[in-house]
>>> print(open('final.cif').read())   # mmCIF, C-alpha atoms and all ligand atoms
data_structure
#
loop_
_atom_site.label_atom_id
_atom_site.label_comp_id
_atom_site.auth_asym_id
_atom_site.auth_seq_id
_atom_site.Cartn_x
_atom_site.Cartn_y
_atom_site.Cartn_z
CA MET A 1 -0.08 70.59 -44.94
CA THR A 2 -0.68 74.12 -43.60
CA ASN A 3 -3.20 75.88 -41.38
CA ALA A 4 -5.70 78.35 -42.90
CA ASP A 5 -3.24 81.21 -42.22
CA GLY A 6 -0.45 79.40 -44.09
CA THR A 7 1.54 78.31 -41.03
CA ILE A 8 2.91 74.79 -40.72
CA PRO A 9 1.39 73.25 -37.58
CA ILE A 10 4.43 71.20 -36.48
CA LEU A 11 7.79 71.45 -38.25
CA ILE A 12 10.50 68.90 -37.40
CA ILE A 13 14.04 69.95 -38.29
CA GLY A 14 16.13 66.86 -39.13
CA GLY A 15 15.15 63.55 -40.68
CA GLY A 16 17.39 61.23 -38.66
CA ILE A 17 16.06 58.45 -36.46
CA GLY A 18 14.74 60.94 -33.88
CA GLY A 19 13.02 63.27 -36.34
CA MET A 20 11.50 60.43 -38.33
CA ALA A 21 10.24 58.62 -35.23
CA ALA A 22 8.73 61.89 -33.97
CA ALA A 23 6.96 62.53 -37.29
CA LEU A 24 5.45 59.05 -37.30
CA ALA A 25 4.44 59.21 -33.63
CA LEU A 26 2.76 62.61 -34.05
CA ALA A 27 0.96 61.55 -37.22
CA ARG A 28 -0.32 58.36 -35.61
CA ALA A 29 -1.62 60.47 -32.74
CA GLY A 30 -3.53 62.59 -35.29
CA PHE A 31 -1.16 65.59 -35.64
CA PRO A 32 0.33 66.67 -38.98
CA ALA A 33 4.13 66.59 -39.00
CA HIS A 34 6.37 68.24 -41.60
CA VAL A 35 10.04 67.13 -41.70
CA VAL A 36 12.80 69.20 -43.29
CA GLU A 37 16.16 67.49 -43.84
CA GLN A 38 19.30 69.18 -45.17
CA ALA A 39 20.65 66.11 -46.99
CA PRO A 40 19.45 65.25 -50.51
CA GLU A 41 18.21 61.86 -49.22
CA PHE A 42 17.10 60.39 -45.94
CA THR A 43 19.97 58.09 -45.08
CA GLU A 44 22.09 56.77 -42.22
CA ILE A 45 25.71 55.68 -42.05
CA GLY A 46 26.59 52.09 -42.95
CA ALA A 47 26.85 50.65 -39.46
CA GLY A 48 24.80 48.85 -36.84
CA LEU A 49 22.57 50.05 -34.05
CA GLN A 50 21.46 48.39 -30.82
CA LEU A 51 17.88 48.90 -29.73
CA ALA A 52 16.91 48.11 -26.17
CA PRO A 53 13.41 47.32 -24.85
CA ASN A 54 12.76 50.92 -23.76
CA ALA A 55 12.94 52.02 -27.43
CA LEU A 56 11.38 48.87 -28.86
CA ARG A 57 8.20 49.40 -26.83
CA VAL A 58 7.78 52.80 -28.51
CA LEU A 59 8.48 51.32 -31.95
CA GLU A 60 5.92 48.62 -31.28
CA GLY A 61 3.38 51.35 -30.51
CA LEU A 62 4.24 52.92 -33.87
CA GLY A 63 3.31 49.67 -35.64
CA VAL A 64 6.73 49.15 -37.22
CA MET A 65 7.92 46.04 -35.36
CA PRO A 66 6.77 43.51 -38.00
CA ALA A 67 8.84 45.33 -40.65
CA LEU A 68 11.83 45.68 -38.31
CA ASP A 69 11.68 42.02 -37.32
CA GLU A 70 12.21 41.08 -40.98
CA VAL A 71 15.67 42.67 -41.00
CA ALA A 72 16.76 42.71 -37.36
CA VAL A 73 18.78 40.23 -35.35
CA LYS A 74 17.94 39.30 -31.78
CA PRO A 75 21.18 38.18 -30.13
CA ARG A 76 20.94 35.30 -27.65
CA ASN A 77 23.42 36.85 -25.23
CA LEU A 78 25.53 39.90 -24.57
CA VAL A 79 28.96 38.60 -23.64
CA PHE A 80 31.60 40.80 -21.98
CA MET A 81 35.19 39.67 -22.54
CA HIS A 82 38.52 41.21 -21.58
CA ALA A 83 40.09 42.68 -24.71
CA ASP A 84 43.68 41.86 -23.69
CA THR A 85 43.49 38.62 -21.71
CA GLY A 86 40.56 37.16 -23.65
CA GLU A 87 39.01 36.22 -20.30
CA HIS A 88 35.24 35.86 -20.08
CA LEU A 89 33.87 38.54 -17.72
CA THR A 90 30.10 38.13 -17.71
CA THR A 91 27.11 37.18 -19.85
CA ILE A 92 23.67 38.80 -20.02
CA ASP A 93 21.06 36.33 -21.18
CA PHE A 94 18.83 38.03 -23.78
CA GLY A 95 16.55 35.01 -24.03
CA LYS A 96 13.18 34.24 -22.45
CA PRO A 97 13.78 35.66 -18.95
CA PHE A 98 14.89 38.98 -20.48
CA ARG A 99 11.86 39.11 -22.74
CA ARG A 100 9.52 38.21 -19.88
CA ARG A 101 10.93 41.03 -17.77
CA TYR A 102 10.99 43.80 -20.35
CA GLY A 103 8.38 42.67 -22.88
CA GLN A 104 10.87 42.87 -25.78
CA SER A 105 13.96 41.08 -27.05
CA TYR A 106 17.20 43.02 -27.28
CA THR A 107 17.50 43.87 -30.99
CA VAL A 108 20.34 44.90 -33.28
CA MET A 109 20.09 46.06 -36.87
CA HIS A 110 21.60 48.10 -39.66
CA ARG A 111 20.92 51.80 -39.10
CA ASN A 112 19.62 52.23 -42.61
CA ASP A 113 17.17 49.37 -42.10
CA LEU A 114 15.62 51.21 -39.15
CA LEU A 115 15.56 54.53 -41.00
CA ASP A 116 14.04 52.88 -44.11
CA VAL A 117 11.25 51.31 -42.06
CA LEU A 118 10.45 54.63 -40.35
CA LEU A 119 10.70 56.49 -43.66
CA SER A 120 8.37 54.12 -45.43
CA ALA A 121 5.81 54.31 -42.59
CA CYS A 122 6.05 58.13 -42.76
CA ARG A 123 5.60 58.10 -46.55
CA ASP A 124 2.51 55.93 -46.16
CA HIS A 125 0.93 58.32 -43.67
CA ASP A 126 -1.26 61.16 -44.98
CA LEU A 127 -0.31 63.45 -42.10
CA VAL A 128 3.46 63.37 -42.77
CA THR A 129 5.20 65.74 -45.21
CA LEU A 130 8.86 65.11 -46.02
CA GLU A 131 11.27 67.54 -47.66
CA ASN A 132 14.96 67.08 -48.54
CA ASN A 133 17.62 69.64 -49.49
CA ARG A 134 16.22 71.95 -46.83
CA GLN A 135 18.99 73.32 -44.65
CA VAL A 136 17.76 75.39 -41.74
CA GLU A 137 19.83 78.47 -41.05
CA ASP A 138 18.10 79.71 -37.95
CA VAL A 139 14.98 79.46 -35.82
CA GLN A 140 13.19 82.33 -34.10
CA ASP A 141 10.57 82.09 -31.41
CA LEU A 142 7.74 84.53 -32.21
CA GLY A 143 5.74 84.00 -29.04
CA GLY A 144 2.64 82.28 -30.39
CA GLY A 145 4.62 80.64 -33.20
CA ALA A 146 8.10 80.32 -34.71
CA LEU A 147 9.92 81.43 -37.84
CA VAL A 148 12.34 79.06 -39.56
CA ARG A 149 14.77 80.50 -42.09
CA PHE A 150 16.52 78.27 -44.63
CA ALA A 151 19.98 78.66 -46.13
CA ASP A 152 18.40 79.60 -49.49
CA GLY A 153 16.59 82.53 -47.82
CA ASP A 154 13.15 80.89 -47.81
CA THR A 155 11.16 81.02 -44.55
CA TYR A 156 8.40 78.97 -42.91
CA ARG A 157 6.03 80.24 -40.24
CA CYS A 158 5.20 77.42 -37.87
CA GLY A 159 2.85 76.73 -34.99
CA ALA A 160 5.51 74.57 -33.33
CA VAL A 161 9.07 73.55 -34.12
CA VAL A 162 10.89 70.42 -32.96
CA GLY A 163 14.66 70.64 -33.39
CA ALA A 164 15.78 67.07 -34.12
CA ASP A 165 18.90 68.33 -35.89
CA GLY A 166 21.49 66.26 -34.09
CA LEU A 167 24.70 66.86 -32.18
CA TRP A 168 25.55 70.18 -33.85
CA SER A 169 21.96 71.43 -33.65
CA ARG A 170 21.24 74.96 -34.84
CA THR A 171 17.91 74.90 -33.03
CA ARG A 172 19.72 74.40 -29.71
CA ARG A 173 21.42 77.79 -30.19
CA LEU A 174 18.10 79.36 -29.32
CA LEU A 175 18.37 77.82 -25.86
CA ALA A 176 22.03 77.50 -24.96
CA ASP A 177 25.45 78.70 -26.04
CA ASP A 178 27.16 75.44 -25.13
CA ARG A 179 28.99 73.21 -27.56
CA PRO A 180 29.72 69.48 -27.88
CA ILE A 181 32.46 68.13 -25.61
CA ALA A 182 34.99 65.76 -27.21
CA ASP A 183 35.83 63.03 -24.71
CA THR A 184 39.12 62.23 -26.56
CA TYR A 185 37.87 58.80 -27.61
CA VAL A 186 37.23 57.96 -31.26
CA ALA A 187 35.36 55.12 -32.95
CA TYR A 188 36.04 53.22 -36.13
CA ARG A 189 33.03 51.26 -37.30
CA GLY A 190 31.47 49.44 -40.17
CA ALA A 191 29.62 46.35 -41.33
CA LEU A 192 31.22 43.51 -43.30
CA PRO A 193 29.65 40.60 -45.14
CA VAL A 194 29.67 37.73 -42.66
CA ALA A 195 31.61 35.63 -45.18
CA GLU A 196 34.59 38.02 -44.86
CA ILE A 197 34.96 37.48 -41.12
CA THR A 198 37.99 35.35 -40.44
CA ALA A 199 38.03 35.71 -36.66
CA PRO A 200 36.12 33.08 -34.69
CA VAL A 201 32.75 34.67 -33.96
CA GLU A 202 29.69 33.53 -32.10
CA ALA A 203 27.02 34.09 -34.73
CA ASP A 204 24.18 34.63 -32.29
CA ASP A 205 25.87 36.71 -29.62
CA GLU A 206 26.77 40.32 -29.19
CA ILE A 207 30.31 40.56 -27.82
CA ILE A 208 31.87 43.53 -26.05
CA TRP A 209 35.61 43.29 -25.46
CA ILE A 210 36.70 45.85 -22.86
CA GLY A 211 40.15 46.93 -21.74
CA PRO A 212 42.37 49.88 -20.83
CA HIS A 213 41.27 52.94 -22.82
CA LYS A 214 39.62 50.83 -25.54
CA HIS A 215 36.80 48.49 -26.43
CA LEU A 216 35.46 46.52 -29.37
CA VAL A 217 31.78 45.74 -29.98
CA GLN A 218 30.68 43.00 -32.42
CA TYR A 219 27.26 41.80 -33.48
CA PRO A 220 25.46 40.45 -36.55
CA ILE A 221 22.93 42.62 -38.39
CA ARG A 222 20.57 42.44 -41.40
CA ARG A 223 19.20 38.93 -40.86
CA GLY A 224 22.72 37.81 -39.92
CA GLU A 225 24.13 38.59 -43.39
CA LEU A 226 26.43 41.39 -42.15
CA TYR A 227 28.69 41.64 -39.14
CA ASN A 228 28.95 45.01 -37.39
CA GLN A 229 32.10 46.06 -35.58
CA VAL A 230 32.88 49.19 -33.56
CA ALA A 231 36.38 49.79 -32.17
CA VAL A 232 36.82 52.65 -29.72
CA PHE A 233 39.98 54.01 -28.11
CA ARG A 234 41.34 57.07 -26.35
CA SER A 235 43.63 59.09 -28.54
CA ARG A 236 46.86 60.12 -26.84
CA ARG A 237 47.41 62.67 -29.61
CA TYR A 238 44.30 64.68 -28.82
CA THR A 239 44.78 68.35 -28.04
CA PRO A 240 41.96 70.92 -27.90
CA GLU A 241 43.73 72.92 -30.64
CA ASP A 242 43.61 69.88 -32.95
CA GLU A 243 39.99 68.99 -32.24
CA PHE A 244 38.70 69.69 -35.74
CA THR A 245 41.72 68.25 -37.55
CA ASP A 246 42.52 64.66 -38.48
CA ARG A 247 45.83 64.71 -36.61
CA TRP A 248 44.50 62.58 -33.76
CA GLY A 249 42.58 59.33 -33.46
CA VAL A 250 44.48 58.20 -36.58
CA PRO A 251 44.48 54.60 -37.89
CA ALA A 252 48.03 54.00 -36.58
CA GLU A 253 46.67 54.59 -33.06
CA LEU A 254 43.93 52.03 -33.67
CA ASP A 255 46.63 49.43 -34.26
CA GLU A 256 48.79 50.66 -31.36
CA HIS A 257 45.91 50.45 -28.90
CA PHE A 258 44.87 46.96 -29.86
CA ALA A 259 48.41 45.57 -30.34
CA SER A 260 48.33 44.13 -26.81
CA SER A 261 44.91 42.51 -27.33
CA CYS A 262 44.10 38.83 -27.57
CA GLU A 263 44.15 37.16 -31.01
CA PRO A 264 40.38 37.30 -31.82
CA VAL A 265 40.38 41.03 -31.13
CA LYS A 266 43.51 41.66 -33.21
CA ALA A 267 42.01 39.65 -36.06
CA ALA A 268 38.83 41.76 -35.86
CA ILE A 269 40.81 45.03 -35.85
CA SER A 270 42.67 43.99 -39.00
CA LEU A 271 39.33 43.98 -40.85
CA PHE A 272 38.41 47.60 -40.14
CA ASN A 273 37.97 50.17 -42.83
CA ARG A 274 40.22 53.06 -41.78
CA ASP A 275 38.77 55.78 -44.02
CA ARG A 276 36.73 57.54 -41.38
CA ARG A 277 36.59 57.83 -37.61
CA TRP A 278 33.93 59.30 -35.34
CA VAL A 279 34.82 61.47 -32.38
CA MET A 280 32.87 60.62 -29.23
CA TYR A 281 30.99 63.71 -28.12
CA ASP A 282 28.40 64.61 -25.56
CA ARG A 283 27.20 67.78 -23.85
CA GLU A 284 26.20 68.68 -20.32
CA PRO A 285 22.47 68.08 -19.76
CA LEU A 286 20.26 71.16 -20.18
CA ASP A 287 17.57 72.02 -17.64
CA ASN A 288 15.33 73.54 -20.31
CA TRP A 289 14.71 72.41 -23.90
CA THR A 290 11.93 74.79 -24.82
CA ARG A 291 11.54 78.42 -25.79
CA GLY A 292 7.97 79.36 -26.64
CA ARG A 293 6.93 77.14 -29.55
CA VAL A 294 10.35 75.59 -30.12
CA THR A 295 11.67 72.46 -28.42
CA LEU A 296 14.46 69.92 -28.89
CA LEU A 297 14.55 66.16 -29.42
CA GLY A 298 17.21 63.43 -29.72
CA ASP A 299 20.89 64.34 -29.94
CA ALA A 300 19.97 68.01 -30.28
CA ALA A 301 18.57 67.81 -26.74
CA HIS A 302 20.77 65.21 -25.01
CA PRO A 303 23.81 63.98 -26.97
CA MET A 304 25.58 61.24 -25.05
CA VAL A 305 28.67 59.10 -25.36
CA GLN A 306 27.57 55.80 -26.84
CA TYR A 307 28.70 53.38 -24.11
CA LEU A 308 25.13 52.50 -23.02
CA ALA A 309 23.96 52.27 -26.67
CA GLN A 310 21.13 54.63 -25.81
CA GLY A 311 21.42 57.79 -27.96
CA ALA A 312 18.92 56.65 -30.58
CA CYS A 313 16.87 54.78 -27.96
CA GLN A 314 16.45 58.01 -26.00
CA ALA A 315 15.51 59.89 -29.20
CA ILE A 316 12.82 57.27 -29.82
CA GLU A 317 11.60 57.61 -26.22
CA ASP A 318 11.41 61.39 -26.82
CA ALA A 319 9.31 60.82 -29.95
CA GLY A 320 6.82 58.60 -28.14
CA CYS A 321 6.55 61.01 -25.23
CA LEU A 322 6.09 64.10 -27.43
CA ALA A 323 3.19 62.54 -29.34
CA ARG A 324 1.61 61.24 -26.12
CA GLN A 325 1.75 64.72 -24.58
CA PHE A 326 0.28 66.36 -27.69
CA ALA A 327 -2.62 63.91 -27.49
CA ALA A 328 -3.02 64.33 -23.73
CA HIS A 329 -3.26 68.12 -24.11
CA GLY A 330 -5.52 68.15 -27.16
CA GLY A 331 -2.79 69.65 -29.35
CA ASP A 332 -2.07 72.60 -27.00
CA VAL A 333 1.58 73.20 -27.89
CA ASP A 334 2.59 75.09 -24.75
CA LYS A 335 1.15 72.47 -22.42
CA ALA A 336 2.43 69.56 -24.51
CA PHE A 337 5.99 70.95 -24.66
CA ALA A 338 6.00 71.67 -20.91
CA ALA A 339 4.83 68.15 -20.05
CA TYR A 340 7.20 66.63 -22.60
CA GLN A 341 10.29 68.25 -21.19
CA ALA A 342 9.22 67.69 -17.59
CA GLU A 343 9.13 63.96 -18.33
CA ARG A 344 12.12 63.71 -20.63
CA ILE A 345 14.81 65.98 -19.15
CA PRO A 346 15.44 64.08 -15.89
CA ARG A 347 15.39 60.72 -17.62
CA SER A 348 17.69 61.60 -20.53
CA ALA A 349 20.06 63.57 -18.26
CA LEU A 350 20.47 60.50 -16.07
CA VAL A 351 21.23 58.37 -19.13
CA GLN A 352 23.79 60.96 -20.34
CA ARG A 353 25.56 60.89 -16.97
CA VAL A 354 25.51 57.13 -16.53
CA ALA A 355 26.83 56.67 -20.08
CA ARG A 356 29.92 58.67 -19.12
CA GLY A 357 30.42 56.67 -15.93
CA TRP A 358 29.90 53.34 -17.69
CA GLY A 359 32.61 54.29 -20.19
CA ARG A 360 35.00 54.99 -17.33
CA VAL A 361 34.27 51.57 -15.82
CA TRP A 362 34.99 49.85 -19.15
CA HIS A 363 38.15 51.79 -19.90
CA ASP A 364 39.75 52.24 -16.47
CA ASN A 365 43.39 51.19 -16.19
CA GLY A 366 43.85 51.62 -12.43
CA ASP A 367 44.30 49.13 -9.62
CA VAL A 368 40.81 49.35 -8.16
CA ILE A 369 37.97 49.85 -10.65
CA PRO A 370 38.83 46.98 -13.04
CA VAL A 371 39.27 44.58 -10.10
CA LEU A 372 35.91 45.53 -8.57
CA ARG A 373 34.22 45.52 -11.98
CA ASP A 374 35.49 42.07 -12.87
CA ARG A 375 34.57 40.70 -9.44
CA LEU A 376 31.02 42.09 -9.71
CA PHE A 377 30.73 40.81 -13.27
CA ALA A 378 31.88 37.34 -12.20
CA ARG A 379 29.33 37.15 -9.36
CA ARG A 380 26.22 37.96 -11.35
CA SER A 381 24.28 35.23 -13.10
CA PRO A 382 23.27 35.67 -16.76
CA ASP A 383 19.63 36.29 -15.85
CA ASP A 384 20.37 38.86 -13.13
CA TYR A 385 18.93 42.05 -14.63
CA THR A 386 18.93 44.16 -11.47
CA ASP A 387 21.25 46.78 -12.91
CA LEU A 388 19.28 47.10 -16.15
CA ASP A 389 15.83 47.75 -14.70
CA TRP A 390 16.28 51.52 -14.34
CA LEU A 391 16.97 51.77 -18.06
CA TYR A 392 14.82 49.13 -19.70
CA GLN A 393 11.66 49.07 -17.60
CA PRO A 394 8.77 51.36 -18.54
CA VAL A 395 9.16 54.89 -17.16
CA SER A 396 5.59 56.07 -17.55
CA SER A 397 2.21 54.66 -18.44
C1 LIG B 1 29.86 54.95 -32.63
C2 LIG B 1 28.43 55.19 -32.22
C3 LIG B 1 27.63 54.10 -31.91
C4 LIG B 1 26.31 54.30 -31.49
N1 LIG B 1 25.54 53.22 -31.18
C5 LIG B 1 24.27 53.40 -30.74
C6 LIG B 1 23.46 52.27 -30.40
O1 LIG B 1 23.88 51.13 -30.54
N2 LIG B 1 22.19 52.50 -29.94
C7 LIG B 1 21.70 53.76 -29.80
O2 LIG B 1 20.54 53.92 -29.35
N3 LIG B 1 22.44 54.86 -30.11
C8 LIG B 1 23.71 54.69 -30.59
N4 LIG B 1 24.47 55.79 -30.94
C9 LIG B 1 23.87 57.14 -30.84
C10 LIG B 1 22.93 57.42 -32.03
O3 LIG B 1 23.61 57.21 -33.24
C11 LIG B 1 22.42 58.86 -31.99
O4 LIG B 1 22.05 59.18 -30.68
C12 LIG B 1 21.20 59.01 -32.90
O5 LIG B 1 21.53 58.67 -34.22
C13 LIG B 1 20.68 60.44 -32.83
O6 LIG B 1 19.59 60.59 -33.72
P1 LIG B 1 19.01 62.05 -34.03
O7 LIG B 1 17.92 61.82 -35.01
O8 LIG B 1 18.71 62.75 -32.77
O9 LIG B 1 20.22 62.83 -34.69
P2 LIG B 1 20.96 62.57 -36.10
O10 LIG B 1 21.00 61.13 -36.44
O11 LIG B 1 22.24 63.31 -36.03
O12 LIG B 1 19.99 63.25 -37.16
C14 LIG B 1 19.94 64.65 -37.30
C15 LIG B 1 19.44 64.96 -38.70
O13 LIG B 1 19.26 66.37 -38.81
C16 LIG B 1 19.80 66.80 -40.03
N5 LIG B 1 20.17 68.21 -39.84
C17 LIG B 1 21.18 68.70 -39.07
N6 LIG B 1 21.22 70.04 -39.15
C18 LIG B 1 20.23 70.41 -39.99
C19 LIG B 1 19.78 71.67 -40.49
N7 LIG B 1 20.39 72.81 -40.12
N8 LIG B 1 18.72 71.70 -41.34
C20 LIG B 1 18.10 70.54 -41.71
N9 LIG B 1 18.51 69.32 -41.29
C21 LIG B 1 19.54 69.25 -40.43
C22 LIG B 1 20.99 65.89 -40.28
O14 LIG B 1 21.36 65.86 -41.65
C23 LIG B 1 20.45 64.56 -39.77
O15 LIG B 1 19.79 63.83 -40.79
C24 LIG B 1 25.79 55.62 -31.38
C25 LIG B 1 26.59 56.71 -31.70
C26 LIG B 1 27.90 56.50 -32.13
C27 LIG B 1 28.74 57.70 -32.47
#
>>> encode(input="final.cif", output="structure tokens", more="lines below")
Ligand SMILES: Cc1cc2nc3c(=O)[nH]c(=O)nc-3n(C[C@H](O)[C@H](O)[C@H](O)COP(=O)(O)OP(=O)(O)OC[C@H]3O[C@@H](n4cnc5c(N)ncnc54)[C@H](O)[C@@H]3O)c2cc1C
Amino acid sequence: MTNADGTIPILIIGGGIGGMAAALALARAGFPAHVVEQAPEFTEIGAGLQLAPNALRVLEGLGVMPALDEVAVKPRNLVFMHADTGEHLTTIDFGKPFRRRYGQSYTVMHRNDLLDVLLSACRDHDLVTLENNRQVEDVQDLGGGALVRFADGDTYRCGAVVGADGLWSRTRRLLADDRPIADTYVAYRGALPVAEITAPVEADDEIIWIGPHKHLVQYPIRRGELYNQVAVFRSRRYTPEDEFTDRWGVPAELDEHFASSCEPVKAAISLFNRDRRWVMYDREPLDNWTRGRVTLLGDAAHPMVQYLAQGACQAIEDAGCLARQFAAHGGDVDKAFAAYQAERIPRSALVQRVARGWGRVWHDNGDVIPVLRDRLFARRSPDDYTDLDWLYQPVSS
């Protein structure tokens, strides 16, 4: 869908969760959205994703909750355990009091299930155009518009560009010369058929086992048919020179780190596929996401370490906000982008910073932080949500 002069009104670079949610949100607000994705298909990796009420409220507004509810799981509790001693640390009740407070249940699902639901809603919408095999090479701000050049030499003139192209965003190069920061932790993750799980698991709970320089997250996904596991640890073999090699964060370290863990954790670790690991990256928050008619969204704007399970949630919040600001400003791109980043930068920067701090609290091996953490954890009751309000309660009307 193009304007009379052949320009694309709004081009979204990247068809991940952020880009797809933005396309749907814009289309539902009455604005045509054109997504270009470098991969031959729209797909996600085969692992789980946690969605908190702040993101679920946006997804509800996009009309996709009935479809998501068919495949999602709503855990009864989030249980924190000590990875080595097996001691129970605290429980967050995700039941009625949680839902009453935040208007949504905490929800976990397969990443592809979320992407499929967004993709199908986008395909059903007349205002969304989707293209695969479209790798963007660079983006230029032209003042009243933008020029996007593809790897095959083709170009698009656009009225507005939203860079939702992830952690290694090319669009971000227009705004900053920073690069992702490896925090020396790596993750192994994957989903298994529930029947293959030999460790004793609580079918309805999400469990996070925390300990020195490591943690393990477990929860059921896809109607409870699959069990998702993420094991994270700090690699002692990391060196900046080796960052882009596979000489660190190797499977042998996964076993070394969890060798001192309690039996249920060791049993869970033995089930991991060791073919691929993910390096935990983030970047320093930016104080500007926009140049002229080009802005950023999702990991391209605010990549964060995953310890608050908020990267995708923040991308979804971005999508809702962007569409709301386009509508509020009658499609005026300059005003919409300015209002969008004024709302989103402080919020997402706070989440980026707290995610780092939360990781330190989980992984600390000193004499003070774990003692204080465990004492605070032990004192709270399961329906004490005081420390979650800043993140899960609505941030704007
Ligand atoms: C181990 C782990 C666990 C996590 N768990 C959670 C969780 O439970 N909850 C949560 O909310 N978040 C979680 N996250 C974070 C979450 O995965 C990301 O924040 C989220 O997927 C970002 O979505 P995005 O659409 O912004 O970027 P991406 O998913 O990276 O999508 C970017 C898209 O852009 C495309 N692209 C890139 N460059 C180009 C180009 N030049 N041209 C065209 N297309 C391009 C890519 O192919 C990709 O499809 C986790 C992250 C990790 C590593």
>>> closest_atom_pairs(input="final.cif", of="range 314-388 of chain A", to="range 139-145 of chain A", cutoff="12 Å", atoms="all atoms listed in the file", output="Markdown table")
| residue | atom | partner | partner_atom | distance |
| --- | --- | --- | --- | --- |
| A:Asp332 | CA | A:Gly144 | CA | 11.3 |
| A:Val333 | CA | A:Gly144 | CA | 9.5 |
| A:Asp334 | CA | A:Gly144 | CA | 9.1 |
>>> residues_near_ligand(input="final.cif", ligand="ligand LIG 1 (chain B)", cutoff="7 Å", atoms="all atoms listed in the file", output="compact mmCIF listing (two decimals) with C-alpha atoms, in the frame of the given file")
# COMPACT_ATOMS: atom_id res chain seq x y z
CA ILE A 13 14.04 69.95 -38.29
CA GLY A 14 16.13 66.86 -39.13
CA GLY A 15 15.15 63.55 -40.68
CA GLY A 16 17.39 61.23 -38.66
CA ILE A 17 16.06 58.45 -36.46
CA GLY A 18 14.74 60.94 -33.88
CA GLY A 19 13.02 63.27 -36.34
CA VAL A 36 12.80 69.20 -43.29
CA GLU A 37 16.16 67.49 -43.84
CA GLN A 38 19.30 69.18 -45.17
CA ALA A 39 20.65 66.11 -46.99
CA PHE A 42 17.10 60.39 -45.94
CA GLY A 48 24.80 48.85 -36.84
CA LEU A 49 22.57 50.05 -34.05
CA GLN A 50 21.46 48.39 -30.82
CA LEU A 51 17.88 48.90 -29.73
CA ARG A 134 16.22 71.95 -46.83
CA GLN A 135 18.99 73.32 -44.65
CA VAL A 136 17.76 75.39 -41.74
CA GLU A 137 19.83 78.47 -41.05
CA ALA A 164 15.78 67.07 -34.12
CA ASP A 165 18.90 68.33 -35.89
CA GLY A 166 21.49 66.26 -34.09
CA LEU A 167 24.70 66.86 -32.18
CA TRP A 168 25.55 70.18 -33.85
CA SER A 169 21.96 71.43 -33.65
CA ARG A 170 21.24 74.96 -34.84
CA ALA A 187 35.36 55.12 -32.95
CA ARG A 189 33.03 51.26 -37.30
CA VAL A 230 32.88 49.19 -33.56
CA TRP A 278 33.93 59.30 -35.34
CA MET A 280 32.87 60.62 -29.23
CA LEU A 297 14.55 66.16 -29.42
CA GLY A 298 17.21 63.43 -29.72
CA ASP A 299 20.89 64.34 -29.94
CA ALA A 300 19.97 68.01 -30.28
CA PRO A 303 23.81 63.98 -26.97
CA MET A 304 25.58 61.24 -25.05
CA GLN A 306 27.57 55.80 -26.84
CA ALA A 309 23.96 52.27 -26.67
CA GLN A 310 21.13 54.63 -25.81
CA GLY A 311 21.42 57.79 -27.96
CA ALA A 312 18.92 56.65 -30.58
CA CYS A 313 16.87 54.78 -27.96
CA GLN A 314 16.45 58.01 -26.00
CA ALA A 315 15.51 59.89 -29.20
>>> atom_distance(input="final.cif", atom1="CA of Gln393 in chain A", atom2="CA of Pro53 in chain A")
7.7 Å
>>> closest_residue(input="final.cif", among="A:Ala47, A:Ala33, A:Leu286, A:Leu147", to="Thr2 in chain A", atoms="all atoms listed in the file")
A:Ala33
>>> residues_around(input="final.cif", residues="Lys74 in chain A", least_positions_apart="4", cutoff="7 Å", atoms="all atoms listed in the file", output="MDAnalysis selection string")
chainID A and resid 105:108
>>> residues_around(input="final.cif", residues="range 68-72 of chain A", least_positions_apart="2", cutoff="7 Å", atoms="all atoms listed in the file", output="ChimeraX atom specification")
/A:64-66,74,107-109,113-114,117,221-223
>>> write_last_selection(input="final.cif", atoms="C-alpha atoms", output="mmCIF file, in the coordinates of the input")
data_model
loop_
_atom_site.group_PDB
_atom_site.id
_atom_site.type_symbol
_atom_site.label_atom_id
_atom_site.label_comp_id
_atom_site.auth_asym_id
_atom_site.auth_seq_id
_atom_site.Cartn_x
_atom_site.Cartn_y
_atom_site.Cartn_z
ATOM 1 C CA VAL A 64 6.730 49.150 -37.220
ATOM 2 C CA MET A 65 7.920 46.040 -35.360
ATOM 3 C CA PRO A 66 6.770 43.510 -38.000
ATOM 4 C CA LYS A 74 17.940 39.300 -31.780
ATOM 5 C CA THR A 107 17.500 43.870 -30.990
ATOM 6 C CA VAL A 108 20.340 44.900 -33.280
ATOM 7 C CA MET A 109 20.090 46.060 -36.870
ATOM 8 C CA ASP A 113 17.170 49.370 -42.100
ATOM 9 C CA LEU A 114 15.620 51.210 -39.150
ATOM 10 C CA VAL A 117 11.250 51.310 -42.060
ATOM 11 C CA ILE A 221 22.930 42.620 -38.390
ATOM 12 C CA ARG A 222 20.570 42.440 -41.400
ATOM 13 C CA ARG A 223 19.200 38.930 -40.860
#
>>> atom_distance(input="final.cif", atom1="CA of Ala319 in chain A", atom2="CA of Gln218 in chain A")
27.9 Å
>>> residues_near_point(input="final.cif", point="(9.7, 71.7, -30.6)", cutoff="8 Å", atoms="all atoms listed in the file", output="ChimeraX atom specification")
/A:10-12,160-163,290,293-297,337
>>> closest_residue(input="final.cif", among="A:Thr90, A:Ile316, A:Ala328, A:Asp383", to="Val58 in chain A", atoms="only C-alpha atoms")
A:Ile316
>>> closest_residue(input="final.cif", among="A:His329, A:His302, A:Arg276, A:Arg324", to="Arg347 in chain A", atoms="all atoms listed in the file")
A:His302
>>> residues_around(input="final.cif", residues="Pro32 in chain A", least_positions_apart="2", cutoff="6 Å", atoms="all atoms listed in the file", output="VMD selection string")
chain A and resid 27 127 to 128
